[in-house]
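A.B. asks: Dropping in entry_23.txt, with compact mmCIF, C-alpha atoms (C1' of nucleotides).
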```
# COMPACT_ATOMS: atom_id res chain seq x y z
CA MET A 1 66.70 23.01 145.49
CA MET A 2 63.08 22.60 144.58
CA GLU A 3 63.47 23.28 140.93
CA GLY A 4 65.46 21.21 138.56
CA ALA A 5 66.96 18.99 141.17
CA SER A 6 64.60 16.09 141.20
CA GLY A 7 63.26 16.39 137.72
CA GLY A 8 59.86 15.19 138.74
CA ASN A 9 58.06 17.50 136.39
CA ASP A 10 60.50 17.19 133.60
CA VAL A 11 59.10 16.20 130.24
CA GLU A 12 60.48 13.12 128.60
CA LEU A 13 61.19 13.76 124.94
CA VAL A 14 63.12 10.68 123.88
CA CYS A 15 63.62 7.41 125.72
CA LYS A 16 65.92 4.63 124.67
CA THR A 17 67.47 1.63 126.30
CA LEU A 18 70.56 -0.35 125.56
CA GLN A 19 71.17 -3.73 127.04
CA PHE A 20 74.71 -4.88 126.97
CA GLU A 21 76.17 -7.82 128.79
CA HIS A 22 74.64 -7.68 132.21
CA LYS A 23 73.79 -4.02 132.18
CA LEU A 24 70.85 -1.97 131.12
CA PHE A 25 71.40 1.61 130.08
CA TYR A 26 68.57 4.10 129.99
CA PHE A 27 68.83 7.18 127.83
CA ASP A 28 66.20 9.78 128.60
CA LEU A 29 66.20 13.11 126.85
CA LYS A 30 64.31 15.44 129.13
CA GLU A 31 63.26 19.02 129.28
CA ASN A 32 62.45 21.40 132.07
CA PRO A 33 62.30 25.16 132.37
CA ARG A 34 66.04 25.20 132.88
CA GLY A 35 66.74 23.51 129.60
CA ARG A 36 67.20 20.13 128.02
CA TYR A 37 69.44 17.37 129.17
CA LEU A 38 70.15 13.71 128.65
CA LYS A 39 69.86 11.43 131.63
CA ILE A 40 71.96 8.31 131.21
CA SER A 41 71.34 5.62 133.77
CA GLU A 42 73.16 2.38 134.24
CA LYS A 43 71.22 -0.35 135.96
CA THR A 44 72.97 -3.40 137.24
CA SER A 45 71.29 -6.16 139.19
CA ALA A 46 70.63 -3.95 142.14
CA ALA A 47 72.51 -0.74 141.72
CA ARG A 48 71.64 2.16 139.51
CA SER A 49 73.71 5.20 138.79
CA THR A 50 72.97 8.19 136.66
CA ILE A 51 74.77 10.99 134.97
CA ILE A 52 73.16 14.10 133.56
CA VAL A 53 74.51 15.45 130.30
CA PRO A 54 73.47 18.85 129.01
CA LEU A 55 71.98 18.71 125.56
CA ASN A 56 74.93 20.44 124.00
CA GLY A 57 77.21 17.82 125.49
CA ILE A 58 75.84 14.89 123.53
CA VAL A 59 77.96 15.62 120.50
CA TRP A 60 81.02 15.65 122.70
CA PHE A 61 80.08 12.31 124.19
CA VAL A 62 79.68 10.95 120.70
CA ASP A 63 83.05 12.23 119.75
CA ILE A 64 84.76 10.92 122.83
CA PHE A 65 83.22 7.49 122.45
CA THR A 66 84.32 7.46 118.85
CA TYR A 67 87.78 8.30 120.02
CA TYR A 68 87.85 5.29 122.34
CA VAL A 69 86.34 3.03 119.71
CA ASN A 70 88.95 4.01 117.18
CA THR A 71 91.94 4.32 119.43
CA ASP A 72 94.12 1.40 120.32
CA GLU A 73 93.96 0.50 123.94
CA ARG A 74 97.60 1.26 124.50
CA ASN A 75 97.20 4.75 123.12
CA ALA A 76 93.89 5.63 124.69
CA PHE A 77 94.18 8.47 127.15
CA SER A 78 91.85 9.69 129.82
CA LYS A 79 89.78 12.66 128.88
CA GLU A 80 87.99 15.49 130.58
CA LEU A 81 84.94 17.25 129.30
CA ASN A 82 83.82 20.53 130.83
CA LEU A 83 80.20 21.38 130.30
CA ASP A 84 78.58 24.30 132.02
CA THR A 85 79.30 23.79 135.68
CA LYS A 86 80.19 20.12 135.59
CA VAL A 87 83.13 18.04 134.52
CA PHE A 88 82.99 14.59 133.01
CA TYR A 89 85.98 12.30 133.38
CA PHE A 90 86.56 9.45 130.97
CA ASP A 91 88.92 6.68 132.01
CA ILE A 92 89.72 3.25 130.66
CA GLY A 93 89.85 0.39 133.12
CA GLU A 94 90.23 -3.32 132.94
CA ASN A 95 89.57 -6.35 135.09
CA LYS A 96 88.93 -10.05 134.58
CA ARG A 97 85.65 -9.28 132.89
CA GLY A 98 87.31 -7.14 130.32
CA ARG A 99 87.87 -3.53 129.52
CA PHE A 100 85.46 -0.79 130.40
CA LEU A 101 85.08 2.94 130.11
CA LYS A 102 84.34 4.77 133.31
CA ILE A 103 82.47 8.05 133.01
CA SER A 104 82.35 10.17 136.12
CA GLU A 105 80.36 13.33 136.49
CA ALA A 106 81.59 15.84 139.00
CA SER A 107 79.61 18.90 139.84
CA VAL A 108 79.70 21.32 142.69
CA GLY A 109 77.72 20.46 145.75
CA ARG A 110 76.85 17.03 144.53
CA ASN A 111 78.31 13.62 144.88
CA ARG A 112 80.30 12.29 142.04
CA SER A 113 78.29 9.88 139.97
CA THR A 114 79.74 7.27 137.70
CA ILE A 115 78.62 4.89 135.03
CA ILE A 116 80.71 2.13 133.56
CA VAL A 117 80.36 1.00 129.97
CA PRO A 118 81.83 -2.37 129.01
CA ALA A 119 83.94 -2.44 125.91
CA GLY A 120 82.68 -5.86 124.95
CA SER A 121 84.37 -9.12 124.21
CA LEU A 122 84.86 -8.53 120.50
CA GLY A 123 86.62 -5.24 120.87
CA GLU A 124 84.75 -2.04 121.43
CA GLU A 125 81.30 -3.02 120.26
CA GLY A 126 79.80 -2.04 123.59
CA TRP A 127 81.18 1.45 123.24
CA ALA A 128 80.10 1.57 119.62
CA ALA A 129 76.56 0.57 120.54
CA PHE A 130 76.52 3.19 123.27
CA ARG A 131 77.77 5.77 120.85
CA ASN A 132 75.16 4.82 118.28
CA ILE A 133 72.38 5.38 120.78
CA LEU A 134 73.79 8.81 121.47
CA LEU A 135 73.86 9.50 117.76
CA GLU A 136 70.24 8.45 117.41
CA ILE A 137 69.22 10.67 120.28
CA ASN A 138 71.13 13.59 118.89
CA ASP A 139 69.56 12.96 115.54
CA GLU A 140 66.06 12.87 116.94
CA ALA A 141 66.73 15.88 119.09
CA SER A 142 67.82 17.93 116.13
CA ARG A 143 64.58 16.96 114.41
CA LEU A 144 62.48 17.73 117.45
CA PHE A 145 63.84 21.16 118.05
CA ILE A 146 64.12 22.52 114.59
CA VAL A 147 66.75 25.01 115.42
CA PRO A 148 67.00 27.36 112.47
CA ASN A 149 70.67 28.11 112.56
CA GLN A 150 72.05 25.51 114.82
CA GLN A 151 75.32 25.01 113.08
CA HIS A 152 75.84 28.65 112.27
CA MET A 153 75.15 30.19 115.59
CA GLU A 154 77.96 30.97 117.91
CA THR A 155 79.25 27.73 119.24
CA SER A 156 81.55 29.16 121.81
CA GLU A 157 79.33 27.68 124.43
CA HIS A 158 79.97 24.23 123.03
CA LEU A 159 83.60 24.60 122.36
CA GLN A 160 84.60 25.92 125.71
CA GLY A 161 83.99 22.52 127.12
CA LEU A 162 86.68 20.27 125.91
CA SER A 163 89.77 21.01 127.87
CA ASP A 164 91.83 18.08 127.00
CA ASN A 165 95.53 17.87 126.97
CA VAL A 166 96.09 14.26 126.11
CA GLY A 167 95.61 12.31 123.00
CA ALA A 168 95.73 13.54 119.48
CA GLY A 169 93.13 15.52 117.71
CA PHE A 170 91.16 17.27 120.36
CA ILE A 171 91.04 20.99 120.34
CA SER A 172 91.67 23.00 123.43
CA GLY A 173 88.79 25.22 124.26
CA HIS A 174 89.16 28.61 122.76
CA SER A 175 90.50 27.89 119.33
CA ALA A 176 88.25 28.38 116.37
CA GLN A 177 84.50 28.62 116.54
CA SER A 178 82.32 26.69 114.19
CA VAL A 179 85.23 25.53 112.13
CA ALA A 180 86.82 23.57 114.90
CA TRP A 181 84.07 21.03 115.17
CA SER A 182 84.30 19.82 111.62
CA ASP A 183 88.05 20.05 111.58
CA MET A 184 88.24 17.83 114.57
CA ASN A 185 85.99 15.23 113.05
CA LEU A 186 87.77 15.18 109.77
CA ASP A 187 90.94 14.75 111.69
CA ARG A 188 89.90 12.02 113.97
CA LEU A 189 87.08 10.16 112.37
CA VAL A 190 87.99 8.68 109.09
CA GLU A 191 84.56 7.25 108.51
CA LEU A 192 82.76 10.54 108.81
CA PRO A 193 81.40 12.13 105.69
CA PRO A 194 82.96 15.45 104.76
CA GLN A 195 79.82 17.30 105.68
CA GLY A 196 80.89 16.83 109.21
CA GLU A 197 77.97 17.91 111.26
CA ILE A 198 76.95 15.13 113.55
CA GLY A 199 73.30 14.56 114.02
CA SER A 200 72.30 15.45 110.52
CA LEU A 201 72.24 13.58 107.27
CA GLY A 202 72.97 9.92 107.06
CA LEU A 203 75.72 9.67 109.57
CA SER A 204 73.85 7.54 112.03
CA LYS A 205 72.91 5.13 109.30
CA VAL A 206 76.50 4.66 108.30
CA ILE A 207 77.56 3.82 111.76
CA ARG A 208 74.55 1.78 112.63
CA ALA A 209 75.34 -0.43 109.69
CA ASP A 210 78.58 -1.32 111.35
CA GLN A 211 76.95 -2.33 114.55
CA LYS A 212 75.85 -5.79 113.55
CA ARG A 213 78.93 -6.80 111.73
CA PHE A 214 81.46 -5.17 113.88
CA SER A 215 85.06 -6.00 113.22
CA LEU A 216 88.05 -5.40 115.37
CA THR A 217 89.68 -3.26 112.77
CA TRP A 218 86.54 -1.16 112.43
CA GLU A 219 87.68 0.49 109.24
CA ALA A 220 87.99 -2.76 107.42
CA THR A 221 85.27 -3.03 104.84
CA THR A 222 85.80 -6.58 103.82
CA GLY A 223 82.60 -7.69 105.44
CA VAL A 224 84.10 -11.07 106.04
CA ILE A 225 83.09 -11.62 109.57
CA SER A 226 81.96 -14.95 110.82
C1' DG B 1 76.55 -15.23 135.05
C1' DC B 2 78.96 -11.67 135.59
C1' DG B 3 81.53 -6.71 137.39
C1' DG B 4 84.35 -2.60 137.53
C1' DC B 5 83.58 2.83 140.38
C1' DC B 6 86.71 3.82 146.43
C1' DA B 7 82.85 8.02 147.74
```
Let me see whether you can do it: turn the structure in this file into structure tokens.

C.D. replies:
Amino acid sequence: MMEGASGGNDVELVCKTLQFEHKLFYFDLKENPRGRYLKISEKTSAARSTIIVPLNGIVWFVDIFTYYVNTDERNAFSKELNLDTKVFYFDIGENKRGRFLKISEASVGRNRSTIIVPAGSLGEEGWAAFRNILLEINDEASRLFIVPNQQHMETSEHLQGLSDNVGAGFISGHSAQSVAWSDMNLDRLVELPPQGEIGSLGLSKVIRADQKRFSLTWEATTGVIS
DNA sequence: GCGGCCA
């Protein structure tokens, strides 16, 4: 209980914020003797809720957000992401204010914690902005910890996580090893460069460029947006 | 000027 629970001694490596509509999201990449994790907090007027994502889960969050950005509302399914000992649930909801993505973290012996990310009034620009922050963090993290063979080491740890039965394109756990990640991206994300590996190269730039002139069709490159 | 989440 003493160690790792409160995170009081944890080192902050990267801190970012995203303000969207009436919410403020904090992204804090932290490190403690147990490992590295991303703390994502959502602060509303009074309330604040937080989820803790293991470092190796960021790429999955990026991928899942991309899925919801690119998938038509009618075809968007709920998703589950298993990471280490916790499970993240992704669900689409809607009310008068608009659509939102609910992310719930369930872990043993702890209360379920949830954050809600608005889709935005234009389409999914809120989710896209959220995803871009995750990309930036992943990018900076890969620069911080110069892992020699990150993309060649056994990725079974990563790939065990995504047990997902709905929607097209997601692998189910134990399929291939390092091949599956790039296959999945090439399958699902048309805008990704063939190199595949998220967090390296110019991927974040490509997507960040779309942020300001976001269009509902997303893949449209006309640039005619008023 | 938001407001979701149902523990």

A.B. asks: Using all atoms listed in the file, select each residue of chain A with any atom at most 10 Å away from an atom of chain B, and give the selection as a list in words.

C.D. replies: Glu21, His22, Lys23, Thr44, Gly93, Glu94, Asn95, Lys96, Arg97, Gly98, Arg99, Phe100, Leu101, Lys102, Ile103, Ser104, Asn111, Arg112, Ser113, Thr114, Ile115, Ile116, Val117 and Pro118 of chain A

A.B. asks: Give the answer as one residue: which of A:Ser107, A:Ser78, A:Asn56, A:Thr66 has the shortest atom-to-atom distance to Asn138 of chain A, using all atoms listed in the file?

C.D. replies: A:Asn56

A.B. asks: Between atom CA of Asp28 of chain A and atom CA of Pro54 of chain A, what is the distance, to one decimal in Å?

C.D. replies: 11.6 Å

A.B. asks: Quote the spacing between atom CA of Glu124 of chain A and atom CA of Phe90 of chain A in Å to one decimal place.

C.D. replies: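 A separation of 15.0 Å between them.
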
A.B. asks: Measure the distance from atom CA of Arg48 of chain A to atom CA of Leu122 of chain A in Å and round it to one decimal.

C.D. replies: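 Pair atom CA of Arg48 of chain A / atom CA of Leu122 of chain A returns 25.5 Å.
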
A.B. asks: Let me make sure I understand: among A:Glu31, A:Ile40, A:Leu55, A:Asp10, which one has the smallest atom-to-atom distance to Ile133 of chain A if we use only C-alpha atoms?

C.D. replies: A:Ile40

A.B. asks: Provide segment 24-35 of chain A rebuilt to all heavy atoms, formatted as a JSON list (two decimals), in the frame of the given file.

C.D. replies:
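Generated file (result18.json):
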```json
[["chain", "number", "residue", "atom", "x", "y", "z"],
["A", 24, "LEU", "N", 71.90, -2.64, 131.88],
["A", 24, "LEU", "CA", 70.85, -1.97, 131.12],
["A", 24, "LEU", "C", 71.06, -0.47, 131.24],
["A", 24, "LEU", "O", 71.11, 0.08, 132.34],
["A", 24, "LEU", "CB", 69.48, -2.37, 131.65],
["A", 24, "LEU", "CG", 68.26, -1.86, 130.90],
["A", 24, "LEU", "CD1", 68.31, -2.26, 129.43],
["A", 24, "LEU", "CD2", 66.99, -2.38, 131.54],
["A", 25, "PHE", "N", 71.20, 0.17, 130.10],
["A", 25, "PHE", "CA", 71.40, 1.61, 130.08],
["A", 25, "PHE", "C", 70.11, 2.29, 129.62],
["A", 25, "PHE", "O", 69.52, 1.90, 128.62],
["A", 25, "PHE", "CB", 72.54, 1.99, 129.14],
["A", 25, "PHE", "CG", 73.89, 1.51, 129.59],
["A", 25, "PHE", "CD1", 74.42, 0.33, 129.09],
["A", 25, "PHE", "CD2", 74.63, 2.23, 130.52],
["A", 25, "PHE", "CE1", 75.67, -0.11, 129.51],
["A", 25, "PHE", "CE2", 75.87, 1.79, 130.95],
["A", 25, "PHE", "CZ", 76.39, 0.60, 130.44],
["A", 26, "TYR", "N", 69.73, 3.29, 130.37],
["A", 26, "TYR", "CA", 68.57, 4.10, 129.99],
["A", 26, "TYR", "C", 69.06, 5.46, 129.50],
["A", 26, "TYR", "O", 69.88, 6.10, 130.15],
["A", 26, "TYR", "CB", 67.64, 4.32, 131.19],
["A", 26, "TYR", "CG", 67.02, 3.07, 131.75],
["A", 26, "TYR", "CD1", 67.64, 2.37, 132.77],
["A", 26, "TYR", "CD2", 65.81, 2.61, 131.27],
["A", 26, "TYR", "CE1", 67.08, 1.23, 133.30],
["A", 26, "TYR", "CE2", 65.23, 1.46, 131.80],
["A", 26, "TYR", "CZ", 65.87, 0.78, 132.81],
["A", 26, "TYR", "OH", 65.31, -0.35, 133.34],
["A", 27, "PHE", "N", 68.52, 5.85, 128.37],
["A", 27, "PHE", "CA", 68.83, 7.18, 127.83],
["A", 27, "PHE", "C", 67.52, 7.97, 127.77],
["A", 27, "PHE", "O", 66.63, 7.62, 127.01],
["A", 27, "PHE", "CB", 69.42, 7.08, 126.43],
["A", 27, "PHE", "CG", 70.70, 6.28, 126.36],
["A", 27, "PHE", "CD1", 70.68, 4.90, 126.34],
["A", 27, "PHE", "CD2", 71.92, 6.92, 126.30],
["A", 27, "PHE", "CE1", 71.86, 4.17, 126.27],
["A", 27, "PHE", "CE2", 73.10, 6.20, 126.22],
["A", 27, "PHE", "CZ", 73.07, 4.82, 126.21],
["A", 28, "ASP", "N", 67.42, 8.98, 128.57],
["A", 28, "ASP", "CA", 66.20, 9.78, 128.60],
["A", 28, "ASP", "C", 66.54, 11.24, 128.30],
["A", 28, "ASP", "O", 67.20, 11.90, 129.10],
["A", 28, "ASP", "CB", 65.52, 9.67, 129.97],
["A", 28, "ASP", "CG", 65.10, 8.25, 130.28],
["A", 28, "ASP", "OD1", 64.59, 7.58, 129.36],
["A", 28, "ASP", "OD2", 65.30, 7.81, 131.42],
["A", 29, "LEU", "N", 66.06, 11.68, 127.18],
["A", 29, "LEU", "CA", 66.20, 13.11, 126.85],
["A", 29, "LEU", "C", 65.04, 13.84, 127.49],
["A", 29, "LEU", "O", 63.88, 13.54, 127.20],
["A", 29, "LEU", "CB", 66.20, 13.29, 125.33],
["A", 29, "LEU", "CG", 66.47, 14.71, 124.83],
["A", 29, "LEU", "CD1", 67.87, 15.15, 125.18],
["A", 29, "LEU", "CD2", 66.24, 14.81, 123.33],
["A", 30, "LYS", "N", 65.35, 14.77, 128.36],
["A", 30, "LYS", "CA", 64.31, 15.44, 129.13],
["A", 30, "LYS", "C", 64.42, 16.94, 128.99],
["A", 30, "LYS", "O", 65.45, 17.48, 128.59],
["A", 30, "LYS", "CB", 64.42, 15.04, 130.61],
["A", 30, "LYS", "CG", 64.11, 13.57, 130.85],
["A", 30, "LYS", "CD", 63.85, 13.32, 132.33],
["A", 30, "LYS", "CE", 63.32, 11.92, 132.57],
["A", 30, "LYS", "NZ", 62.83, 11.77, 133.95],
["A", 31, "GLU", "N", 63.33, 17.56, 129.39],
["A", 31, "GLU", "CA", 63.26, 19.02, 129.28],
["A", 31, "GLU", "C", 62.57, 19.58, 130.50],
["A", 31, "GLU", "O", 61.57, 19.03, 130.98],
["A", 31, "GLU", "CB", 62.47, 19.40, 128.02],
["A", 31, "GLU", "CG", 62.35, 20.89, 127.80],
["A", 31, "GLU", "CD", 61.58, 21.20, 126.54],
["A", 31, "GLU", "OE1", 60.54, 20.57, 126.31],
["A", 31, "GLU", "OE2", 62.04, 22.06, 125.78],
["A", 32, "ASN", "N", 63.11, 20.66, 131.00],
["A", 32, "ASN", "CA", 62.45, 21.40, 132.07],
["A", 32, "ASN", "C", 62.69, 22.87, 131.81],
["A", 32, "ASN", "O", 63.38, 23.23, 130.85],
["A", 32, "ASN", "CB", 62.96, 20.95, 133.45],
["A", 32, "ASN", "CG", 64.44, 21.24, 133.63],
["A", 32, "ASN", "OD1", 65.01, 22.07, 132.95],
["A", 32, "ASN", "ND2", 65.06, 20.53, 134.55],
["A", 33, "PRO", "N", 62.12, 23.72, 132.63],
["A", 33, "PRO", "CA", 62.30, 25.16, 132.37],
["A", 33, "PRO", "C", 63.75, 25.60, 132.30],
["A", 33, "PRO", "O", 64.06, 26.63, 131.70],
["A", 33, "PRO", "CB", 61.58, 25.81, 133.57],
["A", 33, "PRO", "CG", 60.52, 24.83, 133.93],
["A", 33, "PRO", "CD", 61.14, 23.47, 133.69],
["A", 34, "ARG", "N", 64.62, 24.83, 132.91],
["A", 34, "ARG", "CA", 66.04, 25.20, 132.88],
["A", 34, "ARG", "C", 66.70, 24.83, 131.57],
["A", 34, "ARG", "O", 67.79, 25.28, 131.26],
["A", 34, "ARG", "CB", 66.77, 24.52, 134.03],
["A", 34, "ARG", "CG", 66.32, 24.97, 135.39],
["A", 34, "ARG", "CD", 67.07, 26.22, 135.83],
["A", 34, "ARG", "NE", 66.67, 26.62, 137.18],
["A", 34, "ARG", "CZ", 65.77, 27.58, 137.41],
["A", 34, "ARG", "NH1", 65.23, 28.22, 136.41],
["A", 34, "ARG", "NH2", 65.45, 27.89, 138.64],
["A", 35, "GLY", "N", 66.11, 23.92, 130.85],
["A", 35, "GLY", "CA", 66.74, 23.51, 129.60],
["A", 35, "GLY", "C", 66.53, 22.04, 129.33],
["A", 35, "GLY", "O", 65.68, 21.39, 129.94]]
```
